[in-house]
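Colleague: Structure supplied as model37.cif; contents: mmCIF, C-alpha atoms.
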```cif
data_upload
loop_
_atom_site.label_atom_id
_atom_site.label_comp_id
_atom_site.auth_asym_id
_atom_site.auth_seq_id
_atom_site.Cartn_x
_atom_site.Cartn_y
_atom_site.Cartn_z
CA MET A 896 -1.76 -18.51 52.75
CA SER A 897 0.44 -21.16 51.17
CA PRO A 898 3.63 -22.28 52.89
CA ALA A 899 5.68 -20.47 50.24
CA ASN A 900 4.30 -17.18 51.54
CA ALA A 901 5.06 -17.89 55.20
CA PRO A 902 7.23 -15.13 56.72
CA ASP A 903 10.98 -15.68 57.17
CA PRO A 904 12.12 -16.29 60.75
CA THR A 905 13.04 -12.67 61.46
CA THR A 906 9.74 -11.35 60.19
CA ALA A 907 7.81 -14.00 62.04
CA ARG A 908 9.44 -12.99 65.30
CA ALA A 909 8.98 -9.31 64.56
CA LEU A 910 5.30 -9.93 63.93
CA GLY A 911 5.13 -11.63 67.31
CA LEU A 912 3.40 -14.54 65.56
CA ASP A 913 0.11 -12.99 66.65
CA THR A 914 -1.12 -12.90 63.06
CA LEU A 915 -1.93 -16.59 63.43
CA VAL A 916 -4.76 -16.07 65.92
CA PHE A 917 -6.55 -13.46 63.83
CA ASP A 918 -7.00 -15.78 60.89
CA ASP A 919 -10.55 -17.05 60.45
CA ASP A 920 -9.51 -20.59 59.60
CA THR A 921 -10.55 -23.37 61.91
CA ILE A 922 -8.30 -24.19 64.85
CA SER A 923 -7.03 -27.27 63.03
CA ASP A 924 -5.97 -25.16 60.10
CA LEU A 925 -4.30 -22.77 62.52
CA LEU A 926 -2.37 -25.63 64.10
CA GLN A 927 -1.32 -26.64 60.61
CA ARG A 928 -0.02 -23.15 60.06
CA VAL A 929 1.92 -23.45 63.31
CA VAL A 930 3.68 -26.61 62.15
CA LEU A 931 4.39 -25.07 58.74
CA LEU A 932 5.65 -21.87 60.33
CA ALA A 933 7.82 -23.91 62.69
CA ARG A 934 9.32 -25.68 59.74
CA HIS A 935 10.19 -22.35 58.16
CA SER A 936 11.24 -20.50 61.29
CA VAL A 937 13.37 -23.09 63.00
CA GLY A 938 16.54 -23.07 60.92
CA ARG A 939 17.31 -26.75 61.13
CA ALA A 940 13.74 -28.04 60.93
CA HIS A 941 13.03 -30.67 58.31
CA SER A 942 9.64 -31.85 59.51
CA VAL A 943 7.29 -30.84 62.30
CA SER A 944 4.35 -32.45 64.11
CA ILE A 945 2.06 -31.97 67.09
CA THR A 946 1.35 -34.75 69.59
CA VAL A 947 -1.64 -34.82 71.93
CA PRO A 948 -2.81 -37.37 74.50
CA ASP A 949 -5.62 -39.55 73.18
CA GLY A 950 -7.39 -41.72 75.72
CA GLU A 951 -4.77 -44.10 77.07
CA GLY A 952 -2.34 -43.32 74.25
CA TYR A 953 -1.35 -40.49 71.98
CA ARG A 954 -2.02 -39.17 68.52
CA THR A 955 -0.52 -36.76 66.01
CA THR A 956 -2.91 -33.94 65.14
CA ASN A 957 -0.79 -32.25 62.47
CA SER A 958 2.41 -33.07 60.63
CA THR A 959 4.25 -31.48 57.73
CA GLU A 960 5.75 -34.72 56.43
CA ASP A 961 5.14 -38.46 56.72
CA GLU A 962 8.52 -38.77 58.42
CA ALA A 963 7.36 -36.84 61.48
CA LEU A 964 4.13 -38.84 61.66
CA ALA A 965 6.01 -42.14 61.37
CA ILE A 966 8.53 -41.34 64.08
CA ASP A 967 5.76 -39.97 66.32
CA GLU A 968 3.81 -43.18 65.93
CA ALA A 969 6.84 -45.35 66.67
CA GLN A 970 7.05 -43.53 70.00
CA TYR A 971 3.35 -44.01 70.73
CA ALA A 972 3.61 -47.71 69.98
CA GLY A 973 6.55 -48.17 72.33
CA GLY A 974 5.22 -45.74 74.91
CA ARG A 975 8.57 -43.96 75.00
CA GLY A 976 10.39 -41.22 73.14
CA PRO A 977 11.49 -37.58 73.19
CA CYS A 978 8.02 -36.31 72.22
CA LEU A 979 6.35 -38.27 74.99
CA GLU A 980 8.90 -37.17 77.55
CA ALA A 981 8.37 -33.51 76.64
CA LEU A 982 4.63 -34.00 77.06
CA ARG A 983 4.77 -36.05 80.25
CA GLU A 984 7.50 -34.08 82.02
CA ALA A 985 6.48 -30.71 80.57
CA HIS A 986 10.01 -29.71 79.64
CA GLN A 987 11.68 -29.20 76.29
CA VAL A 988 13.59 -32.25 75.09
CA HIS A 989 16.49 -31.97 72.70
CA ALA A 990 17.60 -35.43 71.59
CA ILE A 991 20.46 -36.27 69.27
CA VAL A 992 19.93 -39.48 67.37
CA GLY A 993 22.63 -41.98 68.20
CA GLY A 994 24.03 -39.58 70.78
CA GLU A 995 21.86 -40.83 73.60
CA GLY A 996 21.73 -44.24 71.97
CA ASP A 997 20.40 -46.17 74.90
CA ARG A 998 17.55 -43.84 75.79
CA TRP A 999 15.29 -44.48 72.84
CA PRO A 1000 17.00 -47.08 70.64
CA MET A 1001 13.83 -48.19 68.89
CA VAL A 1002 13.06 -44.65 67.81
CA ASP A 1003 16.70 -44.01 66.87
CA GLU A 1004 16.63 -46.86 64.37
CA LEU A 1005 13.60 -45.52 62.54
CA ALA A 1006 14.92 -41.98 62.73
CA MET A 1007 18.18 -43.05 61.12
CA GLN A 1008 16.28 -44.73 58.30
CA TYR A 1009 14.69 -41.37 57.53
CA GLY A 1010 17.96 -39.50 57.92
CA VAL A 1011 16.81 -37.69 61.05
CA THR A 1012 19.75 -36.58 63.17
CA ALA A 1013 18.04 -34.76 66.02
CA VAL A 1014 14.63 -34.19 67.59
CA LEU A 1015 13.48 -31.07 69.40
CA SER A 1016 10.24 -31.56 71.31
CA THR A 1017 8.60 -28.63 73.09
CA PRO A 1018 5.75 -29.11 75.58
CA LEU A 1019 2.54 -27.16 74.97
CA ILE A 1020 1.62 -25.70 78.34
CA GLU A 1021 -1.47 -23.57 78.78
CA ARG A 1022 -2.22 -24.02 82.47
CA SER A 1023 0.68 -25.14 84.59
CA PRO A 1024 1.85 -27.60 85.55
CA GLY A 1025 0.98 -30.17 82.90
CA ALA A 1026 1.35 -30.14 79.12
CA ILE A 1027 -1.60 -30.65 76.77
CA GLY A 1028 0.59 -31.63 73.85
CA SER A 1029 4.01 -31.33 72.32
CA LEU A 1030 5.46 -29.62 69.24
CA ASN A 1031 8.00 -31.91 67.64
CA ILE A 1032 10.68 -30.81 65.25
CA TYR A 1033 12.86 -33.26 63.34
CA CYS A 1034 16.16 -32.27 61.76
CA HIS A 1035 18.37 -33.79 59.07
CA GLN A 1036 21.55 -31.84 59.56
CA ASP A 1037 24.54 -33.00 61.51
CA GLY A 1038 24.88 -31.42 64.88
CA ALA A 1039 22.23 -30.32 67.29
CA PHE A 1040 19.55 -27.64 67.10
CA THR A 1041 20.90 -24.19 67.98
CA GLU A 1042 19.98 -22.06 71.00
CA ASP A 1043 18.01 -19.88 68.62
CA ASP A 1044 16.07 -22.93 67.41
CA LEU A 1045 15.24 -23.87 70.99
CA ARG A 1046 13.90 -20.41 71.75
CA THR A 1047 11.91 -20.15 68.53
CA ALA A 1048 10.39 -23.53 69.26
CA GLU A 1049 9.40 -22.37 72.74
CA MET A 1050 7.71 -19.27 71.33
CA LEU A 1051 5.83 -21.31 68.76
CA GLY A 1052 4.94 -23.81 71.45
CA ALA A 1053 3.36 -21.06 73.53
CA HIS A 1054 1.11 -20.08 70.63
CA ALA A 1055 0.28 -23.65 69.76
CA ALA A 1056 -0.69 -24.23 73.38
CA ILE A 1057 -3.27 -21.44 73.27
CA LEU A 1058 -4.73 -22.73 70.01
CA LEU A 1059 -4.85 -26.31 71.21
CA ASP A 1060 -6.42 -25.30 74.51
CA ASN A 1061 -9.13 -23.39 72.62
CA ALA A 1062 -9.73 -26.38 70.36
CA LEU A 1063 -10.15 -28.65 73.37
CA GLU A 1064 -12.55 -26.22 75.01
CA LEU A 1065 -14.60 -25.91 71.83
CA LYS A 1066 -14.82 -29.69 71.69
CA GLY A 1067 -15.93 -29.80 75.32
CA ALA A 1068 -18.51 -27.11 74.70
CA ALA A 1069 -19.87 -28.95 71.66
CA LYS A 1070 -20.25 -32.11 73.71
CA LEU A 1071 -22.07 -30.23 76.47
CA ASN A 1072 -24.30 -28.68 73.85
CA ASP A 1073 -25.27 -32.11 72.53
CA GLN A 1074 -25.93 -33.42 76.03
CA LEU A 1075 -28.17 -30.47 76.87
CA ARG A 1076 -30.10 -30.84 73.65
CA GLU A 1077 -30.75 -34.47 74.41
CA ALA A 1078 -31.68 -33.74 78.00
CA LEU A 1079 -34.20 -31.11 76.85
CA ALA A 1080 -35.80 -33.56 74.42
CA SER A 1081 -36.03 -36.12 77.21
CA ARG A 1082 -37.61 -33.62 79.61
CA GLU A 1083 -40.21 -32.71 77.06
CA ILE A 1084 -41.32 -36.24 76.33
CA ILE A 1085 -41.36 -37.18 80.02
CA GLY A 1086 -43.40 -34.06 80.70
CA GLU A 1087 -45.92 -35.08 78.05
CA ALA A 1088 -46.14 -38.60 79.45
CA LYS A 1089 -46.70 -37.25 82.96
CA GLY A 1090 -49.44 -35.01 81.59
CA ILE A 1091 -51.20 -37.96 79.96
CA ILE A 1092 -51.00 -40.02 83.15
CA MET A 1093 -52.17 -37.10 85.32
CA GLU A 1094 -55.28 -36.78 83.18
CA ARG A 1095 -56.06 -40.48 83.02
CA GLN A 1096 -55.44 -41.19 86.69
CA SER A 1097 -56.48 -37.80 88.07
CA CYS A 1098 -53.23 -37.71 89.98
CA SER A 1099 -50.47 -35.23 90.74
CA ARG A 1100 -47.32 -34.70 88.74
CA ASP A 1101 -45.22 -36.46 91.39
CA GLU A 1102 -47.58 -39.42 91.41
CA ALA A 1103 -47.37 -39.58 87.63
CA PHE A 1104 -43.60 -39.75 87.95
CA ASP A 1105 -43.95 -42.57 90.50
CA ILE A 1106 -46.08 -44.55 88.05
CA LEU A 1107 -43.48 -44.13 85.34
CA ARG A 1108 -40.53 -45.05 87.52
CA ARG A 1109 -42.26 -48.10 88.93
CA ALA A 1110 -42.93 -49.27 85.39
CA SER A 1111 -39.30 -48.54 84.56
CA GLN A 1112 -38.16 -50.64 87.50
CA ARG A 1113 -40.57 -53.48 86.72
CA GLU A 1114 -39.71 -53.67 83.05
CA ASN A 1115 -36.05 -52.74 83.51
CA ARG A 1116 -36.24 -50.06 80.87
CA LYS A 1117 -35.21 -46.42 80.85
CA LEU A 1118 -37.94 -44.13 82.09
CA ARG A 1119 -37.52 -41.89 79.06
CA ASP A 1120 -38.13 -44.82 76.71
CA LEU A 1121 -41.34 -45.75 78.49
CA ALA A 1122 -42.48 -42.14 78.30
CA GLU A 1123 -41.75 -42.03 74.59
CA GLU A 1124 -43.69 -45.21 74.03
CA LEU A 1125 -46.71 -43.94 75.96
CA VAL A 1126 -46.80 -40.67 74.07
CA ALA A 1127 -46.42 -42.48 70.73
CA ARG A 1128 -49.29 -44.85 71.59
CA VAL A 1129 -51.59 -41.99 72.54
CA GLU A 1130 -50.63 -40.05 69.45
CA ALA A 1131 -51.24 -43.02 67.18
CA ARG A 1132 -54.60 -43.65 68.77
CA ARG A 1133 -55.67 -40.03 68.37
CA HIS A 1134 -54.39 -39.94 64.83
CA GLY A 1135 -56.17 -43.16 63.92
CA SER A 1136 -59.51 -42.15 65.45
CA SER A 1137 -59.62 -38.67 63.87
CA PRO A 1138 -62.52 -38.34 61.36
CA ASP A 1139 -60.45 -36.08 59.15
CA ASN A 1140 -57.63 -38.58 59.00
CA GLY A 1141 -55.74 -37.83 55.79
CA SER A 1142 -53.64 -41.00 55.69
CA ALA A 1143 -56.58 -43.33 55.78
CA ASP A 1144 -54.54 -46.30 54.66
CA ASN A 1145 -53.18 -46.59 58.22
CA GLY A 1146 -56.26 -48.70 58.75
CA SER A 1147 -58.14 -48.07 61.97
CA MET B 926 -30.90 -44.96 109.28
CA ALA B 927 -28.88 -42.60 107.12
CA ALA B 928 -30.41 -39.35 105.93
CA ASP B 929 -31.82 -39.35 102.37
CA HIS B 930 -29.06 -37.26 100.90
CA VAL B 931 -26.37 -39.46 102.39
CA VAL B 932 -27.89 -42.50 100.72
CA LEU B 933 -28.01 -40.73 97.37
CA GLU B 934 -24.52 -39.28 97.58
CA ALA B 935 -23.04 -42.66 98.48
CA ALA B 936 -24.92 -44.26 95.61
CA ARG B 937 -23.74 -41.62 93.17
CA VAL B 938 -20.12 -42.27 94.10
CA GLN B 939 -20.59 -46.02 93.87
CA ALA B 940 -22.19 -45.72 90.45
CA GLY B 941 -19.12 -43.80 89.28
CA MET B 942 -21.22 -40.77 88.37
CA SER B 943 -19.76 -37.30 88.54
CA PHE B 944 -22.00 -34.61 90.01
CA ASP B 945 -22.39 -33.02 86.58
CA GLU B 946 -23.45 -36.33 85.07
CA LEU B 947 -26.00 -36.83 87.83
CA TRP B 948 -27.44 -33.36 87.41
CA MET B 949 -27.74 -33.79 83.63
CA ALA B 950 -29.55 -37.13 84.08
CA TYR B 951 -31.78 -35.59 86.79
CA PHE B 952 -32.53 -32.69 84.49
CA ALA B 953 -33.33 -35.08 81.61
CA LEU B 954 -35.82 -36.89 83.87
CA GLY B 955 -37.67 -33.63 84.52
CA GLY B 956 -35.87 -32.42 87.64
CA LEU B 957 -36.56 -28.77 88.33
CA ALA B 958 -33.75 -27.65 90.59
CA SER B 959 -30.55 -25.96 89.55
CA PRO B 960 -27.17 -27.67 89.97
CA THR B 961 -26.40 -25.42 92.95
CA VAL B 962 -29.56 -26.44 94.78
CA VAL B 963 -29.03 -30.14 94.04
CA ARG B 964 -25.44 -29.92 95.17
CA SER B 965 -26.37 -28.33 98.49
CA TYR B 966 -29.06 -30.95 99.02
CA LEU B 967 -26.56 -33.75 98.44
CA ASP B 968 -23.93 -32.34 100.77
CA GLY B 969 -26.49 -31.75 103.49
CA SER B 970 -26.34 -27.99 103.57
CA GLY B 971 -29.63 -27.49 101.72
CA SER B 972 -33.24 -28.38 102.30
CA THR B 973 -34.07 -31.69 103.91
CA SER B 974 -36.72 -32.89 101.51
CA PHE B 975 -36.25 -32.93 97.79
CA ASP B 976 -36.82 -34.51 94.36
CA TYR B 977 -35.39 -37.61 96.02
CA ASP B 978 -37.03 -40.13 93.68
CA VAL B 979 -35.89 -38.32 90.54
CA LEU B 980 -32.29 -38.40 91.74
CA ALA B 981 -32.65 -42.03 92.79
CA GLN B 982 -33.99 -42.89 89.34
CA ALA B 983 -31.11 -41.10 87.63
CA ILE B 984 -28.56 -43.05 89.66
CA ASN B 985 -30.43 -46.32 89.25
CA GLU B 986 -30.46 -45.96 85.47
CA ARG B 987 -26.68 -45.55 85.57
CA PHE B 988 -26.41 -48.66 87.74
CA VAL B 989 -28.56 -50.58 85.26
CA GLU B 990 -26.15 -49.62 82.49
CA ARG B 991 -23.47 -51.27 84.58
CA GLY B 992 -25.47 -54.44 85.11
CA ALA B 993 -26.94 -53.79 88.57
CA ASN B 994 -30.66 -53.96 89.34
CA TYR B 995 -32.06 -50.72 90.76
CA PRO B 996 -30.05 -50.84 93.99
CA VAL B 997 -30.89 -47.32 95.12
CA PRO B 998 -34.01 -47.29 97.33
CA TYR B 999 -36.87 -44.94 96.52
CA ARG B 1000 -38.57 -42.74 99.07
CA GLU B 1001 -41.29 -45.30 99.76
CA ASP B 1002 -38.65 -47.95 100.40
CA LEU B 1003 -36.89 -45.81 102.97
CA GLY B 1004 -39.94 -45.89 105.24
#
```
Just dump the structure as structure tokens.
Modeller:
Amino acid sequence: MSPANAPDPTTARALGLDTLVFDDDTISDLLQRVVLLARHSVGRAHSVSITVPDGEGYRTTNSTEDEALAIDEAQYAGGRGPCLEALREAHQVHAIVGGEGDRWPMVDELAMQYGVTAVLSTPLIERSPGAIGSLNIYCHQDGAFTEDDLRTAEMLGAHAAILLDNALELKGAAKLNDQLREALASREIIGEAKGIIMERQSCSRDEAFDILRRASQRENRKLRDLAEELVARVEARRHGSSPDNGSADNGS
Amino acid sequence: MAADHVVLEAARVQAGMSFDELWMAYFALGGLASPTVVRSYLDGSGSTSFDYDVLAQAINERFVERGANYPVPYREDLG
């Protein structure tokens, strides 16, 4: 599984790159394999990274070398660059450092410090029309990336898009899971509180809810918090008044 | 006087709450209806009378988070 064992470009293409999705590593590890495979498969690649939107800005999820991360971040800071254009416009961007000097001069300067001569950024598109990220390849050799490089990058981009999309969905599902769990806990405690009120006041469930929400309004506190407090009070009272109370040092 | 569901739907939008967020908060407060039923109540195609107060409470709590003071009327306030 180490980079040294990654297939050569011909083999990778012959395998259809599908071997990546059958691995049981986490999605993040799979994306790391994509960037490593890109570095091996794209002839002129020196370093590779993946950019995704992050709130108002962007972030690099994976990179094979510090160089890629640094140049990515220079683009995020300035809000401009080949990687961002590929992501925003959803088309592949092939930029030659110094060649299009005026387009991204700030990035060019940093790139030249690292010895980067060209950048190939491929949008990751799962559901048209927008891109959910970009696969960025940095090169050190003179001259541009070849047609072959462009096509290989597109193929890798297609796979990376599927992986990234799955990762995003998993994240969304995990969040929903947490929200549901919390909602269920809240329902339970509010149900208990309503039960206590119904018994004390000999009222209906709806009336019990009214009592709770009026208290919530009056005290400007969340209904769930009031319910929790009520249940805790009743529990403490019952616990304290029990003759078989084990923790007698609670003092009743 | 606007129908109940119109009041709630307008309040939901003003509170910046998505329908999913509202349903989750309604569910957390003990609401019994499914998202489909709540949605059809809010857009007027469902039943006329509903867990109005639970929905109002859910939206009010969101408003409170944003600094407002229980602006959504409850059933008894609607008269």
Colleague: Check which residues satisfy the PyMOL selection byres ((chain B) within 6 of (chain A)) in the file shown, then give them as a PDB file with C-alpha atoms, in the coordinates of the input.
Modeller:
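And here's selection.pdb as it stands now:
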```pdb
ATOM      1  CA  ALA B 953     -33.330 -35.080  81.610  1.00  0.00           C
ATOM      2  CA  LEU B 954     -35.820 -36.890  83.870  1.00  0.00           C
ATOM      3  CA  GLY B 955     -37.670 -33.630  84.520  1.00  0.00           C
TER       4      GLY B 955
END
```
Colleague: Name the closest residue to Arg1000 (chain B) among the candidates B:Trp948, B:Arg987, B:Ser972, B:Asp978; distances are taken between atoms, counting only C-alpha atoms.
Modeller: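 Under the stated criterion, the closest residue is B:Asp978.
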Colleague: For the provided coordinates, the residues matched by the PyMOL selection byres ((chain A and resi 1032) around 7) should be stated as a PyMOL selection string.
Modeller: chain A and resi 940+942-944+1014-1016+1030-1031+1033-1034
Colleague: So the first atom is CA of Arg1128 (chain A) and the second is CA of Cys1098 (chain A); what is the distance between them in Å, to one decimal place?
Modeller: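 Answer for the CA of Arg1128 (chain A) to CA of Cys1098 (chain A) separation: 20.1 Å.
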Colleague: Go ahead and compute the interatomic distance for CA of Leu1125 (chain A) and CA of Arg937 (chain B), in Å to one decimal.
Modeller: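 Answer for the CA of Leu1125 (chain A) to CA of Arg937 (chain B) separation: 28.8 Å.
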